[in-house]
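Asks: Structure below; questions to follow.
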Number of protein chains: 2
Amino acid sequence: MTPPSLQDNTADVDRLMKAMGRAQPGGKVRIPFSIWSGVPRVLREHHYRVEAVVHWSQGACHLIDLARPAGGVYGIAVDLGTSTVVLRLVDLALPATIAETRFTNPQVAFGTDILTRIHKAGDPQGLETLRKVLIDGLNSRVAGLLDDRGLSPSQVVAASMAGNTAMTHFLLGLPPYWLCREPYIPVVNRPGRLAAQDLGLKLNGRAPVWISPNVGSYFGGDLIAGILASGMHKCTDPCLLVDVGTNAEVVIGNQDWLVACAGAAGPALEGGVTRMGMMAGPGVIDRVRYDRAGRRFHVHTISGKPPVGICGSGLIDLAAELFRAGMIDVRGKFVPGTCGERLIEREGIQSIIVVPAEKSGTGEALTLSQPDIDTLIRSKAAMYTILTTLSRTVNVPLTALRRIYMAGTFGSYIDPRSAVTLGMIPDLPLERYVSLGNTSIEGATMALCSAAAQREAAAIRDRITYLELNVNQEFMNRFNAARFLPHTDRALFPSVPVP
Amino acid sequence: MTPPSLQDNTADVDRLMKAMGRAQPGGKVRIPFSIWSGVPRVLREHHYRVEAVVHWSQGACHLIDLARPAGGVYGIAVDLGTSTVVLRLVDLALPATIAETRFTNPQVAFGTDILTRIHKAGDPQGLETLRKVLIDGLNSRVAGLLDDRGLSPSQVVAASMAGNTAMTHFLLGLPPYWLCREPYIPVVNRPGRLAAQDLGLKLNGRAPVWISPNVGSYFGGDLIAGILASGMHKCTDPCLLVDVGTNAEVVIGNQDWLVACAGAAGPALEGGVTRMGMMAGPGVIDRVRYDRAGRRFHVHTISGKPPVGICGSGLIDLAAELFRAGMIDVRGKFVPGTCGERLIEREGIQSIIVVPAEKSGTGEALTLSQPDIDTLIRSKAAMYTILTTLSRTVNVPLTALRRIYMAGTFGSYIDPRSAVTLGMIPDLPLERYVSLGNTSIEGATMALCSAAAQREAAAIRDRITYLELNVNQEFMNRFNAARFLPHTDRALFPSVPVP
């Protein structure tokens, strides 16, 4: 800028606005009020030559900070999981993730499942309590990441959040009351961008916080972010995205159309598809192979610690191996002749010893019971029924799917071969299965770094048709047919060997 | 709105936004975050049929409140005077002013003149202290006006403020440091509209507060509001606006051009044009007539109370009458022969008794001294010099002026005939002089009630050429020529009889 003079006494803020307007012809310029009082000092200190941190939104250039911080500018991307919150610190200049941390959602103290928290939010101060523990948790983790690197909160000039619809409501302090009551109406579908200071986030107060949009109570911003991360919305051929975390959601579609449904729609399916999911952690078995020759299980545990339990992906591996080895039959029932002395019975309940006491990290044998397997079978049948129902509704055979993206804290770790063996997912060439990991944090990170990605997410939201799963007789017939390993109709699973 | 259903699960905020968009085709809709959490309850209580309070700004429709308050919607207009703050409560539905109150600017405790306050603002917490007493003062007066009528702050959905540039800076908490230092640069020229909550005003938090723009440190939003109120910016012929309050500012122009200057530019003119101004109040003489036959002064006092002092307009009347009666000569010096026994002398200073002790409200005679008259003559000469200088600069003779608007706490009360007699203002037909009163509050009220008026004010600001008065030899020559009654060049004042 040309410094002011008696001949040109334009005010500092107006001078800056004019200069920004020249740099971005045609665009509107917004200099927020909270920045005004600091403008004269900064302009004079820098002799009217400054580098500004700006944010483009809806055709307007918003000033976030005057004078580029010496230590660089950063952003945070967050996956607001019901159980676990994942937080990334991103160097926006590169852009690249420079740190990632995860922590238990502090709201777990008020209920592990989201429904309990929604009820809790109805108490006096309940919603505010839930909002506050979440924001405090985020602030303390962000502060930790920044302190470790000698960065200041004012250097964090953007943020991006993806979470399910209820979590998004908690974050924004919006009453979730109507989310779980017919006709299941959120307060907002498209939160857009809000200022960090309005949310109580201790970043640069003017940092725009992008909140991933939702399609309804049961299809949240985490899934929109997931679709964005998968890229399925840009594919010519139809693809499928299966996100299995605390809940299970499925999207089918391509560049022209997207149809989604959520597993929570099957409340008649006791346990849904996720009861089998346990929290992963050190010593938890996530992979299992059965050595038929040595007649023993080879287990892989997280962090290589002695085994203490089993998580979802390990359970699917284990059940598939039991089936392949003939230790469970097509109904999932133990076959005593094949199981041999591994099969034990206590109080009328049969279990199989997976890890003997002497090799276990708990000092006791790790076992899998008949009821555990029964639950797993109901879950896998529910999943397969949802997939086939969706496929029939949109009239795209499962075999026509180009890619099946497996996502979510649990879904990503499933071995497709084992899941196909159980008849949980369709019998397709394994290369069509792609494990994407946490697509919610991936999508949030993309949106953090690119306004185009934010627009893409908005367009995805607007294109999705949400299918309310109707648990009718036909659905139940399909579900019952899927309660066999791999399926009543063996022709659907040609690659699965008859045990 | 159509209430939501399983077939149409659009969120409440999005549904409302859509409905507002339908009502205002082509316009963008903004529903501020702070309103979101209340939307579901209000929509359901009103069965999805609500009247909203909205504000149009820059092509977008901003929601201020959902559900029109039963008791109506109101606005406040404020003239932020250095000495006195005037506040109006306006019923926006009519629109009409329903109450007006005025109070001493609470900042007077930190200095009666603006320069002292600007220095005070440099102390630690000084600016915040000045801002806070002003905002607190406004809040308490607004609360009083509302309480009297059983209204709630949330019903005040708009505000409008006009003040000089320093007062505007104090209101917004902006450092005034550079206002009084060459090259006299404000922090902001065009504050536009800010949210009440961001200023700490206890109105509806989302109420837009329009702040009148300024042209520079010495030509503030009060004067822009004043031009707006005068309408001179829409006249074909050139007009003049003279605003005399704590300071004196002059604008000349018409629908095509506007040139302004401020009396403060004449710091060489000891006392400027306003030293003669005293605060008006009960018992203060504001009109004087001299009864030549009865050889006595008829004085009119404010509220009809016994006289205790004299204010600016009274002083001008008095001096004009003294001149007409031959009691002072063309140099403003007492003529002992004409004054007679009214003329007294104490400690070498001559004074004339205006009100004898027995008729005075103070118990002592009210007198006017020779130094008082000398000061008045310097002030009137300064004013006339500013007017002629401005007239020459823009090449419009004073006789070509269609209207001369007299405004300001002091200027409005001046009797043009007396001021012409003294040679303070040009000798034009008296009907060309129009007394406008407080144009700042008038303009603020217009801007409160009309977005078009706000745009007009912005256009006025952009059209003004501010003239820095150059106190050079030519100016001083003109000033010295004006230090006679009515002027050295009697031909300029043909209507003033030779005494």
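A note on labels: chains of the structure tokens are A, B, ... as shown, every chain counts residues from 1, and ligands are counted from 1 in their shown order.
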What are the residues of chain A that have an atom within 9 Å of an atom of chain B, counting only C-alpha atoms, as a PyMOL selection string?

Replies: chain A and resi 4-15+33-34+36-40+172-175+178+182-191+194+198+215-217+468

Asks: Just want the 10 Å neighbourhood of range 475-478 of chain A, counted on only C-alpha atoms, with same-chain residues fewer than 2 positions away dropped. Output as a list of chain:residue names.

Replies: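 Final neighbour list, sorted by chain and number: A:Gly266, A:Ala268, A:Leu269, A:Ala381, A:Ala382, A:Tyr384, A:Thr385, A:Ile386, A:Thr388, A:Thr389, A:Leu469, A:Asn470, A:Val471, A:Asn472, A:Gln473, A:Asn480, A:Ala481, A:Ala482, A:Arg483, A:Thr488.
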
Asks: Could you please take those selected residues and save N, CA and C atoms as a PDB file, in the first residue's frame?

Replies:
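File selection_16.pdb, as written:
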ATOM      1  N   GLY A 266     -32.097 -50.782  10.689  1.00  0.00           N
ATOM      2  CA  GLY A 266     -32.556 -52.137  10.934  1.00  0.00           C
ATOM      3  C   GLY A 266     -32.645 -52.474  12.422  1.00  0.00           C
ATOM      4  N   ALA A 268     -34.787 -53.841  14.006  1.00  0.00           N
ATOM      5  CA  ALA A 268     -35.374 -55.157  14.253  1.00  0.00           C
ATOM      6  C   ALA A 268     -34.279 -56.212  14.295  1.00  0.00           C
ATOM      7  N   LEU A 269     -33.152 -55.874  13.679  1.00  0.00           N
ATOM      8  CA  LEU A 269     -32.044 -56.812  13.635  1.00  0.00           C
ATOM      9  C   LEU A 269     -31.232 -56.647  14.900  1.00  0.00           C
ATOM     10  N   ALA A 381     -25.390 -61.286   8.467  1.00  0.00           N
ATOM     11  CA  ALA A 381     -26.611 -61.439   7.667  1.00  0.00           C
ATOM     12  C   ALA A 381     -27.271 -60.076   7.467  1.00  0.00           C
ATOM     13  N   ALA A 382     -27.257 -59.248   8.514  1.00  0.00           N
ATOM     14  CA  ALA A 382     -27.834 -57.912   8.403  1.00  0.00           C
ATOM     15  C   ALA A 382     -27.076 -57.109   7.353  1.00  0.00           C
ATOM     16  N   TYR A 384     -25.241 -58.178   4.818  1.00  0.00           N
ATOM     17  CA  TYR A 384     -25.478 -58.679   3.463  1.00  0.00           C
ATOM     18  C   TYR A 384     -26.879 -58.314   2.985  1.00  0.00           C
ATOM     19  N   THR A 385     -27.834 -58.351   3.883  1.00  0.00           N
ATOM     20  CA  THR A 385     -29.220 -58.012   3.516  1.00  0.00           C
ATOM     21  C   THR A 385     -29.326 -56.536   3.124  1.00  0.00           C
ATOM     22  N   ILE A 386     -28.647 -55.685   3.874  1.00  0.00           N
ATOM     23  CA  ILE A 386     -28.655 -54.255   3.544  1.00  0.00           C
ATOM     24  C   ILE A 386     -28.060 -54.039   2.150  1.00  0.00           C
ATOM     25  N   THR A 388     -27.795 -56.199  -0.379  1.00  0.00           N
ATOM     26  CA  THR A 388     -28.636 -56.713  -1.461  1.00  0.00           C
ATOM     27  C   THR A 388     -29.897 -55.863  -1.622  1.00  0.00           C
ATOM     28  N   THR A 389     -30.445 -55.401  -0.521  1.00  0.00           N
ATOM     29  CA  THR A 389     -31.643 -54.555  -0.598  1.00  0.00           C
ATOM     30  C   THR A 389     -31.335 -53.276  -1.368  1.00  0.00           C
ATOM     31  N   LEU A 469     -34.537 -47.675   5.220  1.00  0.00           N
ATOM     32  CA  LEU A 469     -34.687 -49.123   5.056  1.00  0.00           C
ATOM     33  C   LEU A 469     -35.992 -49.580   5.676  1.00  0.00           C
ATOM     34  N   ASN A 470     -36.779 -50.217   4.868  1.00  0.00           N
ATOM     35  CA  ASN A 470     -38.080 -50.693   5.315  1.00  0.00           C
ATOM     36  C   ASN A 470     -37.934 -52.155   5.721  1.00  0.00           C
ATOM     37  N   VAL A 471     -37.977 -52.424   7.023  1.00  0.00           N
ATOM     38  CA  VAL A 471     -37.782 -53.804   7.477  1.00  0.00           C
ATOM     39  C   VAL A 471     -39.110 -54.552   7.356  1.00  0.00           C
ATOM     40  N   ASN A 472     -39.428 -54.936   6.118  1.00  0.00           N
ATOM     41  CA  ASN A 472     -40.683 -55.636   5.815  1.00  0.00           C
ATOM     42  C   ASN A 472     -40.445 -57.144   5.673  1.00  0.00           C
ATOM     43  N   GLN A 473     -41.454 -57.855   5.261  1.00  0.00           N
ATOM     44  CA  GLN A 473     -41.337 -59.311   5.164  1.00  0.00           C
ATOM     45  C   GLN A 473     -40.248 -59.719   4.175  1.00  0.00           C
ATOM     46  N   ASN A 480     -33.130 -63.872   6.648  1.00  0.00           N
ATOM     47  CA  ASN A 480     -33.089 -65.271   7.114  1.00  0.00           C
ATOM     48  C   ASN A 480     -32.279 -66.152   6.162  1.00  0.00           C
ATOM     49  N   ALA A 481     -32.376 -65.852   4.862  1.00  0.00           N
ATOM     50  CA  ALA A 481     -31.606 -66.621   3.871  1.00  0.00           C
ATOM     51  C   ALA A 481     -30.118 -66.379   4.044  1.00  0.00           C
ATOM     52  N   ALA A 482     -29.776 -65.204   4.610  1.00  0.00           N
ATOM     53  CA  ALA A 482     -28.361 -64.842   4.775  1.00  0.00           C
ATOM     54  C   ALA A 482     -27.808 -65.342   6.107  1.00  0.00           C
ATOM     55  N   ARG A 483     -28.635 -66.011   6.914  1.00  0.00           N
ATOM     56  CA  ARG A 483     -28.156 -66.465   8.216  1.00  0.00           C
ATOM     57  C   ARG A 483     -27.474 -67.825   8.129  1.00  0.00           C
ATOM     58  N   THR A 488     -27.706 -69.284   2.094  1.00  0.00           N
ATOM     59  CA  THR A 488     -28.566 -70.400   1.702  1.00  0.00           C
ATOM     60  C   THR A 488     -28.345 -70.724   0.225  1.00  0.00           C
TER      61      THR A 488
END

Asks: I'd like the neighbourhood of range 331-346 of chain A as a VMD selection string, where a residue qualifies if any of its atoms comes within 10 Å (using only C-alpha atoms), though same-chain residues fewer than 4 positions away should be ignored.

Replies: chain A and resid 295 to 296 319 322 to 323 325 to 327 350 to 356 367 to 371 373 to 374 376 to 377 422 483 to 488

Asks: If you count only C-alpha atoms, which residues fall within 8 Å of range 426-443 of chain B, apart from same-chain ones fewer than 3 positions away, as a VMD selection string?

Replies: chain B and resid 77 to 79 86 to 87 162 to 163 222 to 230 384 398 to 399 402 to 409 411 to 413 416 to 417 420 423 446 to 447 492 to 495

Asks: Using N, CA, C and O atoms, can you export the residues from the last selection as a short mmCIF file (atom, residue, chain, number, x, y, z; two decimals), in the first residue's frame?

Replies:
data_model
loop_
_atom_site.label_atom_id
_atom_site.label_comp_id
_atom_site.auth_asym_id
_atom_site.auth_seq_id
_atom_site.Cartn_x
_atom_site.Cartn_y
_atom_site.Cartn_z
N ALA B 77 -31.75 5.41 17.52
CA ALA B 77 -30.88 6.30 16.76
C ALA B 77 -30.13 7.13 17.79
O ALA B 77 -30.71 7.54 18.80
N VAL B 78 -28.84 7.32 17.55
CA VAL B 78 -28.01 8.01 18.54
C VAL B 78 -27.15 9.07 17.88
O VAL B 78 -26.54 8.83 16.84
N ASP B 79 -27.14 10.24 18.50
CA ASP B 79 -26.14 11.26 18.14
C ASP B 79 -25.11 11.24 19.25
O ASP B 79 -25.39 11.60 20.40
N VAL B 86 -27.55 12.17 22.38
CA VAL B 86 -29.00 12.20 22.18
C VAL B 86 -29.42 10.83 21.68
O VAL B 86 -28.77 10.27 20.79
N LEU B 87 -30.47 10.31 22.27
CA LEU B 87 -30.88 8.94 21.97
C LEU B 87 -32.37 8.92 21.68
O LEU B 87 -33.17 9.46 22.45
N ALA B 162 -24.43 8.21 14.93
CA ALA B 162 -23.67 9.25 14.23
C ALA B 162 -22.88 10.02 15.27
O ALA B 162 -23.42 10.44 16.29
N GLY B 163 -21.60 10.16 15.00
CA GLY B 163 -20.75 10.90 15.92
C GLY B 163 -19.53 11.39 15.17
O GLY B 163 -19.29 10.96 14.03
N ASP B 222 -21.16 12.42 12.20
CA ASP B 222 -22.24 13.33 12.59
C ASP B 222 -22.53 14.31 11.45
O ASP B 222 -23.69 14.66 11.21
N LEU B 223 -21.48 14.72 10.74
CA LEU B 223 -21.66 15.69 9.66
C LEU B 223 -22.21 15.03 8.40
O LEU B 223 -23.02 15.61 7.68
N ILE B 224 -21.79 13.80 8.17
CA ILE B 224 -22.35 13.05 7.03
C ILE B 224 -23.85 12.87 7.28
O ILE B 224 -24.68 13.09 6.39
N ALA B 225 -24.20 12.51 8.52
CA ALA B 225 -25.62 12.38 8.87
C ALA B 225 -26.31 13.73 8.71
O ALA B 225 -27.47 13.81 8.27
N GLY B 226 -25.58 14.79 9.04
CA GLY B 226 -26.14 16.14 8.93
C GLY B 226 -26.45 16.51 7.49
O GLY B 226 -27.52 17.06 7.18
N ILE B 227 -25.54 16.21 6.59
CA ILE B 227 -25.77 16.49 5.16
C ILE B 227 -26.99 15.70 4.69
O ILE B 227 -27.87 16.22 4.00
N LEU B 228 -27.02 14.42 5.10
CA LEU B 228 -28.16 13.57 4.74
C LEU B 228 -29.47 14.23 5.20
O LEU B 228 -30.43 14.30 4.44
N ALA B 229 -29.49 14.72 6.45
CA ALA B 229 -30.71 15.33 7.00
C ALA B 229 -31.06 16.62 6.27
O ALA B 229 -32.23 16.94 6.07
N SER B 230 -30.03 17.39 5.86
CA SER B 230 -30.30 18.68 5.19
C SER B 230 -30.89 18.49 3.80
O SER B 230 -31.66 19.31 3.32
N TYR B 384 -16.52 33.83 9.29
CA TYR B 384 -16.71 34.49 7.99
C TYR B 384 -15.55 34.21 7.05
O TYR B 384 -15.73 34.00 5.85
N LEU B 398 -20.79 33.64 -2.37
CA LEU B 398 -21.72 33.38 -1.27
C LEU B 398 -23.14 33.80 -1.66
O LEU B 398 -24.11 33.19 -1.23
N THR B 399 -23.25 34.81 -2.53
CA THR B 399 -24.57 35.28 -2.94
C THR B 399 -25.32 34.26 -3.81
O THR B 399 -26.53 34.34 -3.97
N ARG B 402 -28.24 29.05 -2.44
CA ARG B 402 -29.68 28.93 -2.41
C ARG B 402 -30.19 28.84 -0.97
O ARG B 402 -31.18 29.43 -0.60
N ARG B 403 -29.50 28.04 -0.20
CA ARG B 403 -29.90 27.82 1.19
C ARG B 403 -28.64 27.77 2.05
O ARG B 403 -27.62 27.24 1.64
N ILE B 404 -28.74 28.33 3.25
CA ILE B 404 -27.68 28.15 4.24
C ILE B 404 -28.33 27.46 5.43
O ILE B 404 -29.19 28.03 6.11
N TYR B 405 -27.94 26.23 5.62
CA TYR B 405 -28.50 25.45 6.71
C TYR B 405 -27.66 25.65 7.96
O TYR B 405 -26.44 25.48 7.93
N MET B 406 -28.30 26.06 9.02
CA MET B 406 -27.61 26.27 10.29
C MET B 406 -27.94 25.08 11.18
O MET B 406 -29.11 24.79 11.46
N ALA B 407 -26.92 24.38 11.62
CA ALA B 407 -27.15 23.17 12.39
C ALA B 407 -26.23 23.12 13.60
O ALA B 407 -25.35 23.96 13.77
N GLY B 408 -26.45 22.15 14.44
CA GLY B 408 -25.60 21.95 15.61
C GLY B 408 -26.22 22.50 16.87
O GLY B 408 -27.15 23.29 16.84
N THR B 409 -25.70 22.06 18.00
CA THR B 409 -26.28 22.43 19.29
C THR B 409 -26.26 23.93 19.50
O THR B 409 -27.05 24.48 20.25
N GLY B 411 -25.24 26.29 16.58
CA GLY B 411 -25.57 26.91 15.30
C GLY B 411 -27.06 27.05 15.02
O GLY B 411 -27.51 28.05 14.46
N SER B 412 -27.83 26.05 15.45
CA SER B 412 -29.26 26.06 15.16
C SER B 412 -29.99 27.20 15.83
O SER B 412 -31.07 27.59 15.40
N TYR B 413 -29.44 27.70 16.93
CA TYR B 413 -30.17 28.68 17.71
C TYR B 413 -29.77 30.12 17.38
O TYR B 413 -30.36 31.06 17.90
N PRO B 416 -30.23 34.50 12.51
CA PRO B 416 -29.43 34.91 11.34
C PRO B 416 -29.31 36.44 11.25
O PRO B 416 -28.26 36.95 10.86
N ARG B 417 -30.39 37.16 11.63
CA ARG B 417 -30.34 38.62 11.51
C ARG B 417 -29.21 39.18 12.38
O ARG B 417 -28.42 40.03 11.93
N VAL B 420 -25.83 38.22 10.87
CA VAL B 420 -25.50 39.05 9.70
C VAL B 420 -25.05 40.43 10.17
O VAL B 420 -24.07 40.98 9.66
N GLY B 423 -21.66 40.43 10.95
CA GLY B 423 -20.76 40.05 9.87
C GLY B 423 -20.17 38.67 10.08
O GLY B 423 -19.07 38.36 9.62
N MET B 446 -32.95 8.90 10.10
CA MET B 446 -33.26 8.54 8.71
C MET B 446 -32.57 7.23 8.32
O MET B 446 -33.18 6.34 7.71
N ALA B 447 -31.28 7.11 8.69
CA ALA B 447 -30.53 5.91 8.34
C ALA B 447 -31.07 4.68 9.08
O ALA B 447 -31.04 3.57 8.55
N LEU B 492 -20.12 44.66 1.51
CA LEU B 492 -20.49 43.25 1.61
C LEU B 492 -21.76 43.06 2.45
O LEU B 492 -22.40 42.01 2.38
N PHE B 493 -22.09 44.09 3.27
CA PHE B 493 -23.24 43.95 4.17
C PHE B 493 -24.20 45.13 3.99
O PHE B 493 -24.40 45.92 4.91
N PRO B 494 -24.80 45.25 2.79
CA PRO B 494 -25.65 46.41 2.51
C PRO B 494 -26.86 46.52 3.44
O PRO B 494 -27.33 47.63 3.71
N SER B 495 -27.33 45.39 3.96
CA SER B 495 -28.56 45.44 4.76
C SER B 495 -28.31 45.90 6.20
O SER B 495 -29.24 46.18 6.94
#

Asks: Measuring between only C-alpha atoms, which one of A:Arg289, A:Arg22, A:Lys359, A:Arg324 shows the shortest distance to Lys305 in chain A?

Replies: A:Lys359

Asks: Return the single residue from B:Gly263, B:Gly283, B:Pro238, B:Pro307 that is closest to Ser391 in chain B, with distances computed using only C-alpha atoms.

Replies: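 Result for the nearest residue to Ser391 in chain B: B:Pro238.
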
Asks: Please give the complete set of residues from range 326-450 of chain A that DSSP, run on the backbone, assigns to helix (DSSP H, G or I), formatted as a PyMOL selection string.

Replies: chain A and resi 336-342+357-359+370-394+398-400+411-413+416-422+430-432+439-449

Asks: Identify, on the basis of only C-alpha atoms, every residue whose closest approach to His298 in chain A does not exceed 9 Å; exclude the query and any residue fewer than 6 positions from it along the same chain; express the result as a list in words.

Replies: Arg287, Val288, Arg289, Tyr290 and Asp291 of chain A

Asks: Using backbone DSSP assignments, extract all strand (DSSP E) residues from range 124-206 of chain A; output them as a list in words.

Replies: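 Selecting the strand (DSSP E) positions of range 124-206 of chain A gives Val156, Val157, Ala158, Ala159, Ser160, Met161, Ala162, Gly163, Gly192, Arg193, Leu194 and Ala195 of chain A.
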
Asks: With all heavy atoms retained, write the just-selected residues as an mmCIF file, in the first residue's frame.

Replies:
data_model
loop_
_atom_site.group_PDB
_atom_site.id
_atom_site.type_symbol
_atom_site.label_atom_id
_atom_site.label_comp_id
_atom_site.auth_asym_id
_atom_site.auth_seq_id
_atom_site.Cartn_x
_atom_site.Cartn_y
_atom_site.Cartn_z
ATOM 1 N N VAL A 156 -3.268 -21.085 13.934
ATOM 2 C CA VAL A 156 -4.217 -22.066 13.385
ATOM 3 C C VAL A 156 -5.377 -21.278 12.775
ATOM 4 O O VAL A 156 -6.248 -20.770 13.472
ATOM 5 C CB VAL A 156 -4.707 -23.053 14.460
ATOM 6 C CG1 VAL A 156 -5.630 -24.093 13.831
ATOM 7 C CG2 VAL A 156 -3.526 -23.729 15.128
ATOM 8 N N VAL A 157 -5.340 -21.144 11.463
ATOM 9 C CA VAL A 157 -6.233 -20.206 10.778
ATOM 10 C C VAL A 157 -7.387 -20.886 10.045
ATOM 11 O O VAL A 157 -8.139 -20.220 9.338
ATOM 12 C CB VAL A 157 -5.431 -19.326 9.791
ATOM 13 C CG1 VAL A 157 -4.423 -18.476 10.547
ATOM 14 C CG2 VAL A 157 -4.751 -20.173 8.734
ATOM 15 N N ALA A 158 -7.523 -22.195 10.207
ATOM 16 C CA ALA A 158 -8.650 -22.884 9.579
ATOM 17 C C ALA A 158 -8.867 -24.201 10.300
ATOM 18 O O ALA A 158 -7.936 -24.753 10.906
ATOM 19 C CB ALA A 158 -8.383 -23.132 8.099
ATOM 20 N N ALA A 159 -10.082 -24.692 10.239
ATOM 21 C CA ALA A 159 -10.381 -25.992 10.828
ATOM 22 C C ALA A 159 -11.491 -26.644 10.021
ATOM 23 O O ALA A 159 -12.193 -25.980 9.246
ATOM 24 C CB ALA A 159 -10.796 -25.858 12.287
ATOM 25 N N SER A 160 -11.600 -27.935 10.187
ATOM 26 C CA SER A 160 -12.559 -28.714 9.420
ATOM 27 C C SER A 160 -13.010 -29.865 10.309
ATOM 28 O O SER A 160 -12.187 -30.520 10.941
ATOM 29 C CB SER A 160 -11.833 -29.210 8.173
ATOM 30 O OG SER A 160 -12.502 -30.276 7.600
ATOM 31 N N MET A 161 -14.323 -30.081 10.392
ATOM 32 C CA MET A 161 -14.852 -31.088 11.312
ATOM 33 C C MET A 161 -15.822 -32.002 10.585
ATOM 34 O O MET A 161 -16.735 -31.525 9.896
ATOM 35 C CB MET A 161 -15.645 -30.415 12.438
ATOM 36 C CG MET A 161 -14.926 -29.296 13.145
ATOM 37 S SD MET A 161 -14.196 -29.896 14.684
ATOM 38 C CE MET A 161 -13.135 -28.496 15.061
ATOM 39 N N ALA A 162 -15.651 -33.300 10.781
ATOM 40 C CA ALA A 162 -16.605 -34.252 10.230
ATOM 41 C C ALA A 162 -17.060 -35.166 11.354
ATOM 42 O O ALA A 162 -16.240 -35.720 12.083
ATOM 43 C CB ALA A 162 -15.964 -35.053 9.098
ATOM 44 N N GLY A 163 -18.347 -35.283 11.498
ATOM 45 C CA GLY A 163 -18.881 -36.166 12.526
ATOM 46 C C GLY A 163 -20.278 -36.582 12.140
ATOM 47 O O GLY A 163 -20.867 -36.022 11.212
ATOM 48 N N GLY A 192 -22.062 -25.241 7.045
ATOM 49 C CA GLY A 192 -21.128 -24.344 6.348
ATOM 50 C C GLY A 192 -19.920 -24.049 7.208
ATOM 51 O O GLY A 192 -19.363 -24.931 7.847
ATOM 52 N N ARG A 193 -19.527 -22.764 7.197
ATOM 53 C CA ARG A 193 -18.326 -22.346 7.933
ATOM 54 C C ARG A 193 -18.720 -21.415 9.068
ATOM 55 O O ARG A 193 -19.473 -20.470 8.861
ATOM 56 C CB ARG A 193 -17.366 -21.610 6.995
ATOM 57 C CG ARG A 193 -16.483 -22.541 6.187
ATOM 58 C CD ARG A 193 -15.827 -21.775 5.067
ATOM 59 N NE ARG A 193 -16.853 -21.354 4.133
ATOM 60 C CZ ARG A 193 -17.006 -21.856 2.915
ATOM 61 N NH1 ARG A 193 -16.160 -22.735 2.464
ATOM 62 N NH2 ARG A 193 -17.977 -21.447 2.142
ATOM 63 N N LEU A 194 -18.191 -21.679 10.236
ATOM 64 C CA LEU A 194 -18.453 -20.827 11.392
ATOM 65 C C LEU A 194 -17.111 -20.351 11.936
ATOM 66 O O LEU A 194 -16.082 -20.981 11.703
ATOM 67 C CB LEU A 194 -19.203 -21.635 12.455
ATOM 68 C CG LEU A 194 -20.556 -22.188 11.987
ATOM 69 C CD1 LEU A 194 -21.075 -23.248 12.936
ATOM 70 C CD2 LEU A 194 -21.565 -21.048 11.856
ATOM 71 N N ALA A 195 -17.127 -19.243 12.661
ATOM 72 C CA ALA A 195 -15.874 -18.727 13.212
ATOM 73 C C ALA A 195 -15.479 -19.520 14.452
ATOM 74 O O ALA A 195 -16.325 -19.858 15.277
ATOM 75 C CB ALA A 195 -16.023 -17.254 13.550
#

Asks: Name the closest residue to Leu145 in chain A among the candidates A:Thr97, A:Gln107, A:Thr421, A:Asn164; distances are taken between atoms, counting only C-alpha atoms.

Replies: A:Thr97

Asks: Would you please work out which residue, of B:Gly137, B:Gly220, B:Gly72, B:Gly304, is nearest to Ser152 in chain B when using only C-alpha atoms?

Replies: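 Under the stated criterion, the closest residue is B:Gly72.
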
Asks: Please report the interatomic distance between CA of Asp148 in chain A and CA of Leu203 in chain A in Å with one decimal.

Replies: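 Rounded to one decimal, the two atoms are 15.6 Å apart.
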